[in-house]
Each structure stands twice: as C-alpha cells, then as structure tokens.
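Each remark here refers to the structure printed beneath this line.
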Number of protein chains: 4
Amino acid sequence: MPTPGSTDRPPDRRIGLAVVGAGYWGPNLVRNAQQTAALHLHWLCDLDEQRSRKVLGEYSTVRATTSFEEVLADRRVQAVAIATPAAAHHRLARAALEAGKHVLVEKPITTTAEEAADLVALAEERGLVLMCDHTFCYTPVVRRIRELVHGGEIGDIQFFDSVRINLGLVQPDVDVLWDLAPHDLSILDFVLPPGVEPVGVSAQAADPIGAGRACVAYLTLRLSNGALAHCHVNWLSPTKVRTTLIGGSRRTLVWDDLNPQARLAVHDRGVDLTPPDELTDAIRHRALISYRVGDMVAPALVEQEALRNVMAEFAAAIGEGRAPLTDGRAGLRVLRLLHAASRSLELGGATVPVGDEPKDRQPFAEERATVR
Amino acid sequence: MPTPGSTDRPPDRRIGLAVVGAGYWGPNLVRNAQQTAALHLHWLCDLDEQRSRKVLGEYSTVRATTSFEEVLADRRVQAVAIATPAAAHHRLARAALEAGKHVLVEKPITTTAEEAADLVALAEERGLVLMCDHTFCYTPVVRRIRELVHGGEIGDIQFFDSVRINLGLVQPDVDVLWDLAPHDLSILDFVLPPGVEPVGVSAQAADPIGAGRACVAYLTLRLSNGALAHCHVNWLSPTKVRTTLIGGSRRTLVWDDLNPQARLAVHDRGVDLTPPDELTDAIRHRALISYRVGDMVAPALVEQEALRNVMAEFAAAIGEGRAPLTDGRAGLRVLRLLHAASRSLELGGATVPVGDEPKDRQPFAEERATVR
Amino acid sequence: MPTPGSTDRPPDRRIGLAVVGAGYWGPNLVRNAQQTAALHLHWLCDLDEQRSRKVLGEYSTVRATTSFEEVLADRRVQAVAIATPAAAHHRLARAALEAGKHVLVEKPITTTAEEAADLVALAEERGLVLMCDHTFCYTPVVRRIRELVHGGEIGDIQFFDSVRINLGLVQPDVDVLWDLAPHDLSILDFVLPPGVEPVGVSAQAADPIGAGRACVAYLTLRLSNGALAHCHVNWLSPTKVRTTLIGGSRRTLVWDDLNPQARLAVHDRGVDLTPPDELTDAIRHRALISYRVGDMVAPALVEQEALRNVMAEFAAAIGEGRAPLTDGRAGLRVLRLLHAASRSLELGGATVPVGDEPKDRQPFAEERATVR
Amino acid sequence: MPTPGSTDRPPDRRIGLAVVGAGYWGPNLVRNAQQTAALHLHWLCDLDEQRSRKVLGEYSTVRATTSFEEVLADRRVQAVAIATPAAAHHRLARAALEAGKHVLVEKPITTTAEEAADLVALAEERGLVLMCDHTFCYTPVVRRIRELVHGGEIGDIQFFDSVRINLGLVQPDVDVLWDLAPHDLSILDFVLPPGVEPVGVSAQAADPIGAGRACVAYLTLRLSNGALAHCHVNWLSPTKVRTTLIGGSRRTLVWDDLNPQARLAVHDRGVDLTPPDELTDAIRHRALISYRVGDMVAPALVEQEALRNVMAEFAAAIGEGRAPLTDGRAGLRVLRLLHAASRSLELGGATVPVGDEPKDRQPFAEERATVR
C-alpha cells in the first residue's frame, strides 16, 4: 500500500496541488486531480471542514484544512485550484500568485475586468501559470470543433447558435446569464477563428418567477465579420437542451451534447451564392442562389472527462512553462462579454460594444513562450 | 360518375369556391378544398394557365382561368382563397369583398397595417368573412396548447420560446423574418391567454451569405406580464428544428413538431417560489425556492391535416355568419408585430413598442356574433 | 380543361391502366397512377361502387365500375393494378394476364406458391409484365442500401435485424406475420448480395390478446453464408419502430425510417479479426480481435414517394419489355419464406428449410431480357 | 482527517467488506462500497497486485492483497463481494460462506446449476446472505417497472421484448448470450408478476466474424401465461440500443435506458377485445377489437447509481438477517434460463423446457425471515 511519507519511495516529481472550495464543483476537482498522474493532491481547503471531510470520504489520505494560509505555507504545494464563489476568486488567486503558486480558477475568473487584468498582469510578471477552468474547451468535441473551424473546413463562420437550458438550480448570487453563459462564451472564444471576434453584445432577460434575478436570458453577439452569435440560457426549461449550431460557408456543425452516439454532426448542407460579378444582371436576382444537400458525417470522438483534460493541461502548462489553452486572458475576454451583456440588460437590450483593448488577442502567441 | 351540372342532382348546397394562385401554397388549398364536403371548388385562377393546369392534373373537373374577373363574375363563387405573393393580397381581397365574396387569405394578410385595417373594415361593413390562413393554429397540437393555456392548466405564462429553422428556400422578396416568423407570431397570438399580449419587439438579424436579405433572425417580444417570447428563425440550418417551449407557473409545454410520437409534452417540472410574505426575513434568501420534478404527460392527439381544418373553419364561419378563429384582426395583429420587428432591425435591435390600438382584442367577441 | 376523348388531342401514348380494389391501399395506387405521366388511369374497379366513388372524389374524370369484365374488355386498358384481399389475387391476375394485360399486384403475390408459380409462368409465356408491389424496395433509402451491399462497400453480410412494430390494425384475415413481414422479407430479398440467400426459417409467435391470430411474431432466417436475419413484427407496440440494421464486415448500416434527417447511417464501426493463419498460436486467443471505431456517414437521400417509383417502374418495364425490379419471381420467393415461417410456427419454432428450387435466382438475369 | 486505527474513534459498527477481483467490474464495487455508510471496505484482493493498486489509486487507505486466505482470516471482514471470472465464483463463494462471510457475487452466480444450488443450500444452512449482483434490478426504473407490474397497473403481461446491443467487447471466455442476456433475464425474473414464469426457451445465435463464439443471439422465452419474452443481444451493432417493451392488457411500458429525459414511458395505448360471450355471433368477427389511443406518462424517476443501491441492499439484508431482493435463488433461476438457452442453441433452436424444480419461487417469502 502506498503510504504517504514512506521512506523507500523515490522523490515525488509530481506537482503538488491544493484544491480550495468543497462546494458544487470542488469535489470534481478533487476526484480528477487524484486521477492525474502529474499531480499530487495534498489539501482540500474549505471554511467548512465537515464539508471537506465529506468530499474526501473516509478512505482518503488527502488532508482537509480550513486555513488557506496553511496551504500557501506548505512548500510541497506548487499549484492551487480555486472553486469558491466568484467573489473570492481575486483575493485567493492573488494571494496564491504572491505566494508563488500556479493558479487554476473556476469561471468567471473574477467579478470585474480590473481584477482579472490584475491577476493576468501579476501572473505574467511572476512567470506563473494562470488558467481559467473553461471546462467545455477540454471536451473532445469542442477540440474537434476548433480544429474544424481553425483548419478552414467549415469555411467562413456564418452563425453560431447555442441553447443551454435545463431545470437548473436558481443560484443565490448570480443570474442565469452569469451562471450559464460563461460556458457558451468560453466555447465561442475558443473556437472562433483568428480575426473574428465579438464586437457588440445585446441581451434580453426576464425573471418570470420573481426570483430576484434573471432566470431566462437571450444573448446576441455581433461578430466582427458581420455574423451573429446567439445564446439562449434558461433555468426554467423542463427539458435539458445543449445544442450548438455553427454555420459555415463550407460546412455546418451541429453539436448535440446530449446525443453521445452522434455528438457532433458535420453537414455538407447549405446555401451557396455565386459571386455577383460572375453573373449577368439579368439572372442576378434568383440564379445566384443554390443549395447544397450533401452528406452528414459524425466523426468518431473518444469519450474523455473534460476535467481530466483540464488537469492534464494545467500540469503540462506548469511543466512546460507556457500559457495554458484557456489562460487568464481568455478568462478576461469572456468576462468582458458578460459585463457587456449585463450593461445591455440595463439599457433595455441595446447593443453594447465590447471592451476597447484591441490587442487582447494578438500578443497571445508570444506570451505563451514567456510565461515563466 | 358525378358529372357537374347533371340534371338528376339535388341543388348544390356547398359553398362555391375559387382558389387564386397556383404557386407554392395554392396546390395545397386546391387539394384540401376538394376534400372538404362543405365546399365546391369551381376555379383555380393564376396568370400562368399552364401552372394551374399542372396543379389540377389531367383528371380534374375543376377549371383553370387566368381571369380574376371571370371568377368574381361567377355567381356560383361565394368565396375566394388567395395564395398569391403578399403584395397582391390587398388588391385581390378588396376586389373579392367588393364583389360580395368571402375571403381566405394567406399570411401575411397584407403588406401594410393600413391595408389590413382597410380589409377588416370592409369585411365587417359588408358582413363578409375575412379569414387569415394561420395554418398552424388549426393543428390539433396548437388547439390543445390553446386549451391548456386558456383553461389555466399551465398557470401564468413565464416564457415562450420557438425555434423554426431549416435549410429553407431563400425567398426572392421577403427576408426570413417575414417568411417564417408569421407562423410563430400567429401561434403566439392564438395561444396567449386573454390579457397577456406583446408590448415591445426587439429583433436582430444577419445576412451572412450575402443574399441581400436577412437569412437568420432572432425576435424577442416583451409581453404585458413581463415575460419574454422569443423566436429563432433561420434559413441556413442544416437540420430542421421546430420546437416551442411554453413555460407556465403550473406546467411547462414542450411542442416538438418533428416528433409525431410525443408531439406535445406537458411537464410538471419547474421552479416554485413561496410568496415572500409567508416567509420570515431570515430564510427569505434561499428557502423560498423549491423545485417540482414531476411526471411528464404526452396527451394523445389525433393526426389531422391542418389545412383541412382551415377549410372547414372557413366554411363553418361562412355558414354560421361568424368570425373565424383567425380573422382579419388576428392577421392585422400579427402584421403589426412583424412591422415592429422590422423597425427594430432598422434601429439596431432597440425595443419597439407594438401598435397603439388598445381596443384591438376587446371587441373581438361581440363582433363574432355580428359578422354577417 | 383537358377533356378525355377531345378530338384536337394527339393520340394518347400513355399506358392505359385500371386499378382494382378501393380498400386500404387502392386509393394510394389511384393517386400515384394519376401523377405518373406514362400512365393513363381509366378505371377504378371495386365491388362496392360507393367506396370507389369516395376514393375518386367529386372532381375526378376517372370512372368507377363494379365489373372487372368491363375493365378487361376495355381495349384502352393495357395494365391492371390489383389491390384486393390476397385471396383474390390469383383469380384476378390470371384473368388479366389471359386478357393480355400487364399486372401489378400487391403483396403477398398470392396465397400459395403454386398460384404464384402459375402466374409467373403465364406472364412469361405471354410476354407480359408481372410485378409485385414490394413498395419499400422503391424508396430511395432501400435503393441506396442495395447499392451499398451489392457494390461491396458493406463487405460480407454479418447480420440483418429488422424491427417493424406499431399499434397496428389487427387484420381480420391474416396474422401479423403475413401482414408485416412481407415488407421485411421483400427488402431482404432485394438487398441481399448475389449468392447469399435464406436457407432456413424459424418463427415464434403469440396471440396474447386472444385475437384468434398471432399479434406478435419473431422470425429468424439462417442465410446461406451462416449469418442470421431476424424480424420482429408486432401489432401491439404503443410506439412505432421501423429500424433495420445490416451488419457487414466493412461497414454497418442503420436504417431508421422514422428519422427523416438521418434515415440511413453508414457506420465505420465494427469488430475485426486477423485471420488465424497470420497469428502465432500464442496470441491467437485475444490478439486477433480489434475494434474499428470510425466515423458515421449519413448519405443525402432525396425524398420520394415510393409508390410513385413503383408506378414508374411498372410503366418502364412495360415500355421496355423487361422484367421489373420486383417481378413475380421475387413475389414467389417472399411467399416461400412466409410459408416456411408458418410451417415453423406449426412445428413450435423448429427451423424449416426454404423451398427446393435452387435455380430461383440464377435465371433471373437472362429472363429480364426476354420477358416480352 | 479520519485516520484508520486512531484510538479516539468509537467502535466501527459498519459491516467489514472485502472486494475480490480488480478487473472490469471490481473497481465499481470498490468505489460504491466506499460510498456506502453501512460498509467499511478493508481489502481489495486480486492475484495481480499491481492491478489492485491501480484500482485503489494513490490516495486510498484500503489495502491490496493477493491472498484470499488473508482476507478470510481477517475477523473484521464480515462480507465478501466477488467480481472474478465466473469459473471461480463457486470456489471463492463456498470458501467465504464456510468462513462465515456473507457473499455478494457477480452474475452469473456460478457456471452450473449444481454449483449454484450448492451455494444456496450452504448459505441457507449457515444463515448467511447470498446475494447475486443483478445490478439493473436496483435501478430506479426497474424498481418502478416492478411496482407497476406487480401492482396490477399494467394488467396481464402480453409481451416482453428487450434489445441490448452495442459495439461490445468480444469476451474471451463467454459468448454474447452469457455476457449480456443475464441482464435481461434477471430483469425479467425481477419484474414478472407472481405466477407468471418462463416455461420454455428457444435461442438462435451466430458468429459471423469467426470469433469462436456467438456474437449475435436471439432468445425467445415462452411464459406460463402464453406470452413471449424475447431478447436480442449483439456485440456487433454500431449503435447502442437498450430498450425494453413490456406490453400489458391495461398499459404498455417502454423503457429506453439511453433516454434519461423519459427513461420510462407508460402508454395507455393498446388493443382491447370484448370477451366473446358478450357478443352475438354476427359481430364476433370484427366488433370485438377496439383500440385505445390514450396519453403517455413518463413518471419522474430519481437518478441513482444502481450499484450504490446494490451495496445498500447487501448491507441491509445482512443487518436485518433477511434474503436480499436478488438472492442466490434468483441467480439460480437466471442460470437455469441461460443453460436452457445454450441447450436450445445446440438443438438448432428447438424449444427447451425450463428446469423442473416447481418450488423454486414459492418458499421465497418464508425463507426471507429465516435467513440468519
């Protein structure tokens, strides 16, 4: 039996980890961290020690603590995964970075863009990994979608439509937009091809049950190429739907996450236009439209737990001294979209421009090499 | 063989009908009119006689004509069904009403609200039936939905969400909003309970293929009770989706029109709130929310062709001298929503208030009795 | 209006047709015959003239008659389509063939193999087309399946599994096997590659409602290559299922006829074995098995009404003087399988060998050229 | 942190458990045992210690061993869960029972009926719990089905049809019948109402890939009330299907295990017959059949891991000194059906009668009270 601290054991080359937060998502981090060979989970930290003990169960050698200071003081701990309510993210992540720990943080990265930018700057300054747990980006299906889009197989993006509805838990501190839309926005951020980005956000929402916060919301993003991205998030739907359409000039993708047998369908179906300059005036009106009605291909995808891949990417980014696939900047971009959506709601649905830091995406590549 | 005009036949008590327009929808009117016992189809009128002949086939005793005047002059013709492009609706319907004919007209009823109001006034003045072919309102499933909503089984309307997407024909003269949203808006108009009506419309649309008109559109309607109604219409989707959710405080409906085995599902699932005055302050924050996770019932529905029911209702309204279920006023209400949506598009998505004729719905009931 | 017999009309080059039987299927034959340019429908013949009139409707120029002799005596009638109860098929088809008419007959072709063989012989002797309406063989999906199987893309047939269940009409004169299995057996007959044929039939059935005939049945056919074909037919299922799996060594097909958006799926998934002679003894046990988990392709299929294609094939076979795709011999082969199944039922499920006319399939090709 | 063996801990009232077998299913037993409050997992025993260590992971306080003797000698161990290949079940279970341990054993309980009967007798003699892990019987859906059937809501059982197909692992030592059909047979055994039991078994199977054992099989069971039960098990299907229909005279159940949103559907649809003695002769032929086309209800079901319930039932049966829901006798009954199926295969599909121990089911109730 592997007993911690036994003397006949080679030095542990794994990355020492602590998980902070034993609430809804923390147990998943604990379980996946334990199954990741490159990580060594030492602590589960939560203000409620009973909750931590319950998460760890009775057979675990991982230690529970209520003291974040104790965790930061443990020199074996090189990295911290934070799964507390969002309001605490900035404080905890900052403390961890200041203590020289790499940080994995749940979405949304923080509650304000300033806080997120502060963390990004601090992590870059210290050469530490700051990763945002955009879990869906680590599913095999989203990775494949990104390859298909970035590889040009889809052609130009024509529309993006996501529905994420369910009889969901009405959250005590965030509305449905902040609860669910981060998933869709992080996926959108992850799969959009270079050069196409959201430029305006419009949102509509309602609280038809009197919950004190929006339970149904629609989000429309105008992309820089003129296309629309749209998300429907809803806590009140009796049926669960998780479907994303990504229309392209060459192929259109249908991702139905609840259909494991054909989770992703690549359709060679669409409407084509002959460019007007290849037509005479006479036939311009109708002849230029044609319809492709081709085959559908459902590519084989492996079944993997996304969070396992998150852990592996976190460990790999630390080990290789590079930015992770979904770094703090990605978290910041998603946060800006959420804030724009909230502002649009305040303005009754008017379109709100997105941020004003045009260089957000460009320096990304170089920084990857200099993270540490 | 029943030969028209044979002398040993009792006088024809059926309502004489002419169909105008042999394009996309006309053939369906012709077929269903022939199968309606209370109607006697005499004419199919289209400027293109070959098209009419092709629609009628080689075995029909119905006559083709290119002359609308000939149709109006035929005293056997008591009613006219108009399935031409929308631009011609007002001229043809007005002429028919002036000639004393009852009128069934395709959606949208006309192109402007003034034209529609003109037809409504003329029909009421002459005591003639003016019916708008809101076909979906005559499906068994929509009738059942209306019963469930109006009968109170759903409780208060909390949201209405409709998706109507397909690889559809890009129309030469209308955008996707005017092509597809009339279906959803007429259904919404039909099923909303008395006292709840759209008060504001916001729309977003895009033409990502350069077709010269919107091919993807999202429509958000604010209802008078604060709830949202939302429609997604899209000509570019590779897969067909026709799903409508109607959330209520007691039950939520899921109508999936492509699932004939459970077209309508009535879910006893939802989020309930205990009214705040029944709670102490201390527990107000969380305790007031509870979740119902009850059974789902898919009521048995007969399979009927909606257009057959349209024809039957048209004939019944004529025979009984009453307003049909979807009369000219319903057509006018839907038209106002479409115009508000178009205006919102021009304004970049801003919410546009709906009409200002507050008496639109109230006089409906009395008029029914006095149509003729 | 096109009046039959008008003098200014070119001679009718269409094949004159009469439909016999105005019951369940007859109206479909009437409708599709009218829509087939190469056919000219003259008569609908049924002992119940009111039923014929109702089928034709009030706008038709087709004539109703109760006299089959009148039909056969009409020199314009070159072909007869028979949709009566099966017991009358042989008598009517024989009379028609003797009168020099081509014959299309519903399934099952006759009630006994002797009667079917008699019709086949008579038609071949007279050089007339004898076609069995194996409707499903004329759907785009079954045609595509046949191409995929015959073209070798599926590899060797490994299994065939068909489920055809529904809350169906309990027939007054046939059991569920004779009512529904002819569809599956005619499809099997149509798609099996040359050289593979059923050699034994086993059946199990039950009448759990006391209807006096089997309402649930399972049919297992042993194919000449050792594979199994299996059909589940059931009148008592509350849900409709129409799914056929065709397993092959290279690809496996899933045909779900109730899923119009992906009616046919071609799966590159399966179990492969390395031939034993390529293995050493040591690893023979496990290493020889490997799994393919490749993509799924849903080929684009046009939507066509199968019966329209049946009519077109009937007309084409007559016009070209050739055997139709599903000729009398195909009808006879299916009939032999049904009789073997019935015998197996009598024997408590024992496997019954199929017929003993080994040359059934071989002469097929040559005869095609000499039908007339 | 709860350290095993710490002195300030109250005496452990939990039932000490060892899991034997760290192969395919063992890890699931380990995980669920750890999550069951009434159990205390002490050992994981497997001949391959590395495999055990891998299953336990690096954070576990559970001990790995290769010595079954060590396990049996541990007085803390009161119960053993056996998940080895079936050939070892009898030897291990007998040893455990002889050592006074309660036993949970995977399906099939043993390889021969004699061995199973031996274990049943030994357990009863010693007053020990012998439970067979018929996992599916512990799903909420199967429990609900049993309630519906036993409670009479379904009426008389008219048919049972189960499809369990997938691209499954071709097992090295058992055919598809022994691999998959135990699931269906144990479910059938569990849900059949008292007085209805299988009396004959017929099976057909094929090995179309040359694997050396059947990969596709069909099993037909004649029930004592005349109805059929049928199972289709298949390792070669590219798509996964797990659907069971249970037809009844009052309601029919459709259990689609891959549809979590409506896993169970209770259909008020079927065919009714008026009893003949209520009819005159004249109308007996047709009038006695009528169709119910009523609503479908999908009852709300909680989501629970079945194996957790298995563990809880095992612990409860031990604690309460009673037979578990799926005791050794249930395992024996299922085993007899499997042997009858294998014999039918040898006989080319002939129907084989089931066992001859008519008292199998009757003494069940009394014994429950006397197990210990």
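Ligands are numbered from 1 in the order shown, residues from 1 within each chain, and chains are lettered A, B, ... in the order they appear in the structure tokens.
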
Interface residues on chain B facing chain C, 12 Å, only C-alpha atoms, written as a PyMOL selection string:
chain B and resi 1-4+30-37+39-44+49-50+52-65+166-167+238-241+258-262+300

Within 8 Å of Gly21 (chain B), counting only C-alpha atoms, which residues qualify if same-chain residues fewer than 6 places away don't, as number ranges by chain?
B: 44-46, 82-84

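Using only C-alpha atoms, the protein and nucleic acid residues lying no more than 7 Å from Val293 (chain C), apart from those fewer than 3 places from it along its own chain, are Ala300 of chain A; Asp268, Arg269 and Gly270 of chain C.
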
Write out as a PyMOL selection string the residues lying within 6 Å of region 135-138 of chain B, counting only C-alpha atoms and excluding same-chain residues fewer than 3 positions away.
chain B and resi 142+187+306+309

For region 200-209 of chain A, list every protein, DNA or RNA residue within 7 Å, evaluated using only C-alpha atoms, and leave out those in the same chain fewer than 5 positions away; present the list as a PyMOL selection string.
(chain A and resi 214-222+340-341+344-345+349-354) or (chain B and resi 158+226-228)

Kindly save the residues from that selection, with N, CA and C atoms included, as an mmCIF file, in the first residue's frame.
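Saved to result27.cif:
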```
data_model
loop_
_atom_site.group_PDB
_atom_site.id
_atom_site.type_symbol
_atom_site.label_atom_id
_atom_site.label_comp_id
_atom_site.auth_asym_id
_atom_site.auth_seq_id
_atom_site.Cartn_x
_atom_site.Cartn_y
_atom_site.Cartn_z
ATOM 1 N N ALA A 214 -32.504 37.323 -13.097
ATOM 2 C CA ALA A 214 -32.951 36.766 -14.371
ATOM 3 C C ALA A 214 -32.810 35.251 -14.380
ATOM 4 N N CYS A 215 -33.870 34.574 -14.855
ATOM 5 C CA CYS A 215 -33.874 33.108 -14.961
ATOM 6 C C CYS A 215 -33.900 32.650 -16.411
ATOM 7 N N VAL A 216 -34.186 33.569 -17.318
ATOM 8 C CA VAL A 216 -34.238 33.286 -18.749
ATOM 9 C C VAL A 216 -33.490 34.420 -19.426
ATOM 10 N N ALA A 217 -32.556 34.103 -20.313
ATOM 11 C CA ALA A 217 -31.854 35.189 -20.985
ATOM 12 C C ALA A 217 -31.467 34.797 -22.402
ATOM 13 N N TYR A 218 -31.448 35.807 -23.246
ATOM 14 C CA TYR A 218 -31.008 35.654 -24.624
ATOM 15 C C TYR A 218 -29.887 36.647 -24.859
ATOM 16 N N LEU A 219 -28.840 36.168 -25.471
ATOM 17 C CA LEU A 219 -27.642 36.965 -25.669
ATOM 18 C C LEU A 219 -27.338 36.952 -27.157
ATOM 19 N N THR A 220 -27.196 38.121 -27.744
ATOM 20 C CA THR A 220 -26.841 38.188 -29.156
ATOM 21 C C THR A 220 -25.526 38.931 -29.284
ATOM 22 N N LEU A 221 -24.560 38.302 -29.946
ATOM 23 C CA LEU A 221 -23.271 38.952 -30.163
ATOM 24 C C LEU A 221 -23.089 39.197 -31.647
ATOM 25 N N ARG A 222 -22.743 40.416 -31.971
ATOM 26 C CA ARG A 222 -22.388 40.722 -33.365
ATOM 27 C C ARG A 222 -20.904 40.448 -33.499
ATOM 28 N N ALA A 340 -20.536 43.283 -20.780
ATOM 29 C CA ALA A 340 -21.257 43.979 -21.855
ATOM 30 C C ALA A 340 -22.711 43.521 -21.885
ATOM 31 N N ALA A 341 -22.926 42.228 -21.682
ATOM 32 C CA ALA A 341 -24.301 41.712 -21.672
ATOM 33 C C ALA A 341 -25.095 42.328 -20.525
ATOM 34 N N SER A 344 -26.038 45.745 -21.406
ATOM 35 C CA SER A 344 -27.124 45.767 -22.384
ATOM 36 C C SER A 344 -28.471 45.540 -21.700
ATOM 37 N N LEU A 345 -28.480 44.647 -20.740
ATOM 38 C CA LEU A 345 -29.728 44.412 -19.995
ATOM 39 C C LEU A 345 -30.196 45.690 -19.319
ATOM 40 N N GLY A 349 -31.661 46.217 -23.722
ATOM 41 C CA GLY A 349 -31.390 45.375 -24.893
ATOM 42 C C GLY A 349 -30.553 46.047 -25.965
ATOM 43 N N ALA A 350 -30.189 47.302 -25.741
ATOM 44 C CA ALA A 350 -29.381 47.993 -26.758
ATOM 45 C C ALA A 350 -28.035 47.294 -26.914
ATOM 46 N N THR A 351 -27.453 47.394 -28.087
ATOM 47 C CA THR A 351 -26.181 46.750 -28.366
ATOM 48 C C THR A 351 -25.050 47.545 -27.715
ATOM 49 N N VAL A 352 -24.215 46.844 -26.974
ATOM 50 C CA VAL A 352 -23.113 47.454 -26.240
ATOM 51 C C VAL A 352 -21.801 46.997 -26.871
ATOM 52 N N PRO A 353 -20.918 47.917 -27.198
ATOM 53 C CA PRO A 353 -19.645 47.490 -27.786
ATOM 54 C C PRO A 353 -18.795 46.731 -26.760
ATOM 55 N N VAL A 354 -17.931 45.874 -27.263
ATOM 56 C CA VAL A 354 -17.113 45.033 -26.382
ATOM 57 C C VAL A 354 -15.751 45.667 -26.166
ATOM 58 N N GLN B 158 -44.802 32.061 -18.337
ATOM 59 C CA GLN B 158 -43.496 32.548 -17.869
ATOM 60 C C GLN B 158 -42.507 32.771 -19.004
ATOM 61 N N GLY B 226 -44.630 40.849 -18.416
ATOM 62 C CA GLY B 226 -43.219 40.862 -18.080
ATOM 63 C C GLY B 226 -42.433 39.691 -18.636
ATOM 64 N N ALA B 227 -43.116 38.684 -19.118
ATOM 65 C CA ALA B 227 -42.412 37.523 -19.662
ATOM 66 C C ALA B 227 -41.855 37.840 -21.048
ATOM 67 N N LEU B 228 -40.947 36.991 -21.506
ATOM 68 C CA LEU B 228 -40.372 37.130 -22.840
ATOM 69 C C LEU B 228 -40.928 36.040 -23.759
#
```

If you run DSSP on this backbone, which residues of region 60-212 of chain D come out as helix (DSSP H, G or I), and could you give them as a ChimeraX atom specification?
/D:68-73,86-98,113-126,135-138,140-150,176-191
